[in-house]
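What follows is the content of entry-v4.tsv, which has TSV, C-alpha atoms:
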chain	number	residue	atom	x	y	z
A	1	MET	CA	-112.49	29.45	-149.23
A	2	LYS	CA	-112.29	30.50	-145.58
A	3	ASN	CA	-112.29	34.29	-145.77
A	4	LEU	CA	-114.94	35.38	-143.26
A	5	ILE	CA	-113.18	35.57	-139.90
A	6	ILE	CA	-115.63	35.99	-137.04
A	7	ILE	CA	-114.49	37.14	-133.62
A	8	SER	CA	-117.14	36.56	-130.99
A	9	ALA	CA	-117.34	36.76	-127.22
A	10	PRO	CA	-119.59	37.66	-124.33
A	11	SER	CA	-119.73	41.38	-123.55
A	12	GLY	CA	-116.67	42.73	-121.72
A	13	THR	CA	-114.30	39.98	-122.83
A	14	GLY	CA	-112.22	42.30	-125.03
A	15	LYS	CA	-113.25	41.33	-128.56
A	16	THR	CA	-113.36	44.95	-129.76
A	17	THR	CA	-109.83	45.61	-128.46
A	18	LEU	CA	-108.56	42.40	-130.07
A	19	CYS	CA	-110.20	43.25	-133.40
A	20	LYS	CA	-108.58	46.69	-133.36
A	21	GLY	CA	-105.22	45.05	-132.63
A	22	ILE	CA	-105.57	42.66	-135.57
A	23	ARG	CA	-106.55	45.51	-137.88
A	24	LYS	CA	-103.40	47.42	-136.92
A	25	ILE	CA	-101.21	44.40	-137.63
A	26	PHE	CA	-103.04	43.63	-140.89
A	27	PRO	CA	-104.27	47.06	-142.08
A	28	GLU	CA	-105.28	45.56	-145.41
A	29	ILE	CA	-107.98	43.42	-143.78
A	30	ASN	CA	-111.49	44.47	-144.75
A	31	TRP	CA	-113.68	45.32	-141.76
A	32	SER	CA	-117.37	44.47	-141.62
A	33	ILE	CA	-119.23	47.46	-140.17
A	34	SER	CA	-122.40	46.27	-138.47
A	35	TYR	CA	-125.64	48.20	-138.34
A	36	THR	CA	-126.98	49.07	-134.90
A	37	THR	CA	-129.83	51.00	-133.34
A	38	ARG	CA	-128.00	51.69	-130.09
A	39	PHE	CA	-126.70	55.11	-129.09
A	40	LYS	CA	-123.20	56.02	-130.23
A	41	ARG	CA	-120.61	56.08	-127.45
A	42	PRO	CA	-118.34	59.17	-127.18
A	43	ASN	CA	-115.29	57.37	-128.62
A	44	GLU	CA	-117.15	55.83	-131.58
A	45	ILE	CA	-117.34	57.08	-135.17
A	46	ASP	CA	-120.42	56.51	-137.32
A	47	GLY	CA	-119.51	54.52	-140.42
A	48	LYS	CA	-116.24	53.34	-138.89
A	49	ASP	CA	-117.14	51.52	-135.69
A	50	TYR	CA	-120.80	50.91	-136.54
A	51	ASN	CA	-123.43	52.22	-138.92
A	52	PHE	CA	-125.74	53.90	-136.40
A	53	ILE	CA	-129.30	53.88	-137.76
A	54	SER	CA	-132.85	54.36	-136.47
A	55	ARG	CA	-135.09	51.48	-135.45
A	56	ASN	CA	-137.34	52.32	-138.40
A	57	THR	CA	-134.44	52.04	-140.88
A	58	PHE	CA	-133.29	48.79	-139.27
A	59	ASP	CA	-136.79	47.35	-139.58
A	60	LYS	CA	-136.78	48.27	-143.28
A	61	HIS	CA	-133.46	46.42	-143.73
A	62	ILE	CA	-135.04	43.33	-142.15
A	63	LYS	CA	-138.17	43.62	-144.31
A	64	ASN	CA	-136.11	44.06	-147.49
A	65	LYS	CA	-133.90	41.07	-146.54
A	66	LYS	CA	-130.72	43.16	-146.57
A	67	LEU	CA	-129.30	41.51	-143.45
A	68	ALA	CA	-127.61	38.11	-143.32
A	69	GLU	CA	-128.11	38.04	-139.56
A	70	TRP	CA	-129.46	40.30	-136.87
A	71	GLU	CA	-129.91	40.13	-133.12
A	72	ASN	CA	-131.52	42.04	-130.29
A	73	VAL	CA	-128.75	42.58	-127.75
A	74	TYR	CA	-129.78	44.30	-124.51
A	75	GLY	CA	-132.62	46.10	-126.29
A	76	SER	CA	-130.57	47.36	-129.25
A	77	LEU	CA	-130.54	45.73	-132.68
A	78	TYR	CA	-127.32	44.71	-134.46
A	79	GLY	CA	-127.04	43.28	-137.96
A	80	THR	CA	-124.67	42.33	-140.77
A	81	ALA	CA	-125.34	43.35	-144.38
A	82	LYS	CA	-125.61	40.49	-146.87
A	83	LYS	CA	-123.90	42.64	-149.50
A	84	THR	CA	-120.75	43.02	-147.36
A	85	LEU	CA	-120.41	39.25	-147.03
A	86	ASN	CA	-121.32	38.40	-150.62
A	87	ASP	CA	-118.90	41.00	-152.02
A	88	ALA	CA	-116.05	39.61	-149.89
A	89	ILE	CA	-116.78	36.06	-151.03
A	90	LYS	CA	-117.10	37.06	-154.69
A	91	GLU	CA	-113.91	39.15	-154.67
A	92	LYS	CA	-111.98	36.65	-152.48
A	93	LEU	CA	-111.29	39.31	-149.89
A	94	PHE	CA	-110.42	38.65	-146.29
A	95	LEU	CA	-113.15	40.06	-144.01
A	96	LEU	CA	-113.02	40.47	-140.24
A	97	LEU	CA	-116.30	40.51	-138.31
A	98	GLU	CA	-117.00	41.26	-134.66
A	99	LEU	CA	-120.32	39.65	-133.70
A	100	ASP	CA	-122.33	38.54	-130.72
A	101	VAL	CA	-122.38	34.78	-130.12
A	102	LYS	CA	-125.76	34.02	-131.72
A	103	GLY	CA	-125.00	36.18	-134.75
A	104	ALA	CA	-121.69	34.39	-135.23
A	105	LEU	CA	-123.33	30.98	-135.16
A	106	LYS	CA	-125.99	32.12	-137.65
A	107	LEU	CA	-123.33	33.20	-140.14
A	108	LYS	CA	-121.40	29.98	-139.60
A	109	LYS	CA	-124.56	28.08	-140.52
A	110	LEU	CA	-125.32	30.29	-143.55
A	111	TYR	CA	-121.73	30.37	-144.87
A	112	PRO	CA	-120.12	27.10	-143.65
A	113	LYS	CA	-117.53	26.99	-146.43
A	114	ASN	CA	-116.40	30.58	-145.85
A	115	THR	CA	-116.25	31.08	-142.09
A	116	ILE	CA	-113.63	30.66	-139.41
A	117	SER	CA	-115.08	31.34	-135.96
A	118	ILE	CA	-113.07	32.41	-132.93
A	119	PHE	CA	-114.51	32.58	-129.42
A	120	ILE	CA	-112.83	34.84	-126.86
A	121	ILE	CA	-113.18	33.97	-123.17
A	122	PRO	CA	-112.10	35.89	-120.07
A	123	PRO	CA	-109.73	34.17	-117.63
A	124	SER	CA	-112.57	33.91	-115.11
A	125	PHE	CA	-116.11	35.04	-114.31
A	126	GLU	CA	-114.76	37.34	-111.58
A	127	ASP	CA	-112.32	38.92	-114.02
A	128	LEU	CA	-115.17	39.64	-116.44
A	129	LYS	CA	-117.21	41.21	-113.65
A	130	LYS	CA	-114.27	43.45	-112.78
A	131	ARG	CA	-113.75	44.47	-116.45
A	132	LEU	CA	-117.39	45.43	-116.90
A	133	LYS	CA	-117.29	47.62	-113.79
A	134	LEU	CA	-114.00	49.28	-114.80
A	135	ARG	CA	-115.42	50.06	-118.24
A	136	ASN	CA	-117.83	52.41	-116.49
A	137	THR	CA	-120.27	52.49	-119.42
A	138	GLU	CA	-123.22	50.63	-117.88
A	139	SER	CA	-125.30	50.70	-114.70
A	140	GLU	CA	-125.18	47.91	-112.11
A	141	ASP	CA	-128.46	46.53	-113.48
A	142	VAL	CA	-127.06	46.33	-117.03
A	143	ILE	CA	-123.88	44.66	-115.72
A	144	LYS	CA	-126.02	42.01	-114.00
A	145	ILE	CA	-127.85	41.36	-117.28
A	146	ARG	CA	-124.55	41.06	-119.15
A	147	LEU	CA	-123.15	38.62	-116.57
A	148	LYS	CA	-126.31	36.49	-116.78
A	149	ARG	CA	-125.99	36.43	-120.56
A	150	PHE	CA	-122.32	35.43	-120.21
A	151	GLU	CA	-123.36	32.31	-118.31
A	152	GLU	CA	-125.61	31.38	-121.25
A	153	GLU	CA	-123.17	32.29	-124.04
A	154	ILE	CA	-120.16	30.48	-122.57
A	155	ASN	CA	-122.03	27.20	-123.26
A	156	TYR	CA	-121.70	27.85	-127.02
A	157	LYS	CA	-117.90	27.96	-127.04
A	158	SER	CA	-117.56	24.35	-128.27
A	159	LYS	CA	-119.39	25.33	-131.49
A	160	PHE	CA	-116.52	27.64	-132.52
A	161	ASP	CA	-113.39	26.66	-134.46
A	162	TYR	CA	-110.96	28.30	-132.01
A	163	ILE	CA	-111.12	29.39	-128.37
A	164	ILE	CA	-108.73	32.06	-127.07
A	165	SER	CA	-108.45	33.18	-123.46
A	166	ASN	CA	-107.97	36.94	-123.21
A	167	ASP	CA	-106.00	36.95	-119.97
A	168	ILE	CA	-103.01	38.94	-121.24
A	169	LEU	CA	-103.88	41.10	-124.26
A	170	ASP	CA	-100.54	40.69	-126.08
A	171	ILE	CA	-100.69	36.90	-125.81
A	172	ALA	CA	-104.31	36.77	-127.00
A	173	THR	CA	-103.43	39.09	-129.92
A	174	ASN	CA	-100.49	36.85	-130.88
A	175	GLU	CA	-102.81	33.84	-130.90
A	176	LEU	CA	-105.14	35.66	-133.28
A	177	VAL	CA	-102.21	36.61	-135.52
A	178	LYS	CA	-101.18	32.93	-135.69
A	179	ILE	CA	-104.69	31.96	-136.78
A	180	VAL	CA	-104.77	34.62	-139.51
A	181	LYS	CA	-101.35	33.49	-140.77
A	182	GLN	CA	-102.41	29.84	-140.77
A	183	ILE	CA	-105.49	30.67	-142.83
A	184	ARG	CA	-103.28	32.53	-145.30
A	185	ARG	CA	-100.99	29.54	-145.63
A	186	ASP	CA	-103.87	27.22	-146.40
A	187	LYS	CA	-103.27	26.19	-150.01
A	188	ASN	CA	-107.02	26.19	-150.67
A	189	ASN	CA	-107.26	29.90	-149.98
A	190	GLY	CA	-106.49	32.66	-152.44
A	191	PHE	CA	-106.84	35.91	-150.56
A	192	LYS	CA	-106.17	39.03	-152.58
A	193	ASN	CA	-105.77	41.42	-149.68
A	194	ILE	CA	-103.50	39.78	-147.11
A	195	THR	CA	-99.72	39.85	-147.01
A	196	ILE	CA	-97.93	37.77	-144.39

Output the file's structure as structure tokens, nothing else.
Amino acid sequence: MKNLIIISAPSGTGKTTLCKGIRKIFPEINWSISYTTRFKRPNEIDGKDYNFISRNTFDKHIKNKKLAEWENVYGSLYGTAKKTLNDAIKEKLFLLLELDVKGALKLKKLYPKNTISIFIIPPSFEDLKKRLKLRNTESEDVIKIRLKRFEEEINYKSKFDYIISNDILDIATNELVKIVKQIRRDKNNGFKNITI
């Protein structure tokens, strides 16, 4: 049953905005809250956007095998709890995940029967560069690192089930809505928490 929906993209492509849009349209969707060691941004809420934890606590989660996947992204650790995924599979609940590219591919490998993977791309490299600068949350050096990583991550797009260009937000959101509806119509699925 395909009930783990993974949205992935290089940094600055708009995956967080798209995930928030989908959650507004389908408020009954369960949201996977990742663990992270990075500092909380002013507009973020602990336990809602991320579970912000110390490096020591994160290391304990790794040691105790509590994470299905984890990655070091720009010096901060991010991870997905096994329990969140296993509970969704057991209860046949629809779960939306926002993950970095490598984390998404790890989960796809671990849960091949349960995942649908969606890769978000910007309309162009120059557009991405402009978005990262307008965001005004990172230094020029960090932006350069993110752009270098983009050039690496874009090569993984063929490994995903769907590719959506986030040129115009409303159009990209509508494409995501179509995918969610198609999954719901799949006669092999039996989601308990989605109404179309």

Checklist entry - Can you tell me, as a list of chain:residue names, what residues are no more than 8 Å from Asp100 in chain A when counting all atoms listed in the file, ignoring any on the same chain fewer than 3 positions away? => result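 Those residues are A:Ser8, A:Ala9, A:Pro10, A:Gly103, A:Ala104.
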
Output file for the residues above (C-alpha atoms, as a CSV table (one decimal), in the coordinates of the input):
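Saved result, selection02.csv, follows:
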chain,number,residue,atom,x,y,z
A,8,SER,CA,-117.1,36.6,-131.0
A,9,ALA,CA,-117.3,36.8,-127.2
A,10,PRO,CA,-119.6,37.7,-124.3
A,103,GLY,CA,-125.0,36.2,-134.8
A,104,ALA,CA,-121.7,34.4,-135.2

Item to check | Pick from A:Lys181, A:Gly75, A:Arg41, A:Cys19, whichever lies nearest to Arg146 in chain A using all atoms listed in the file | outcome: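 Going through A:Lys181, A:Gly75, A:Arg41, A:Cys19 one by one, the smallest distance to Arg146 in chain A is for A:Gly75.
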
Edge lengths and centre in Å, axis-aligned, range 32-37 of chain A plus 3 Å each side, as lines of an AutoDock Vina configuration file:
center_x = -123.6
center_y = 47.7
center_z = -137.5
size_x = 18.5
size_y = 12.5
size_z = 14.3

Next on the checklist: Need to verify the contact set: Ala88 in chain A, 12 Å, all atoms listed in the file, exclusion of same-chain residues closer than 3 positions in sequence. Can you return it as a PyMOL selection string?
Outcome noted: chain A and resi 1-5+29-32+81-85+91-97+111+114-115+191-193

Checklist entry - Could you work out how far CA of Ile6 in chain A lies from CA of Asp186 in chain A, giving the answer in Å with one decimal? => result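 Interatomic distance, CA of Asp186 in chain A to CA of Ile6 in chain A: 17.4 Å.
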
Next on the checklist: Let me make sure I understand: among A:Ile33, A:Leu110, A:Ile120, A:Val73, which one has the smallest atom-to-atom distance to Leu169 in chain A if we use all atoms listed in the file?
Outcome noted: A:Ile120

Next on the checklist: One number please: CA of Thr13 in chain A to CA of Ile154 in chain A, in Å, one decimal.
Outcome noted: 11.2 Å
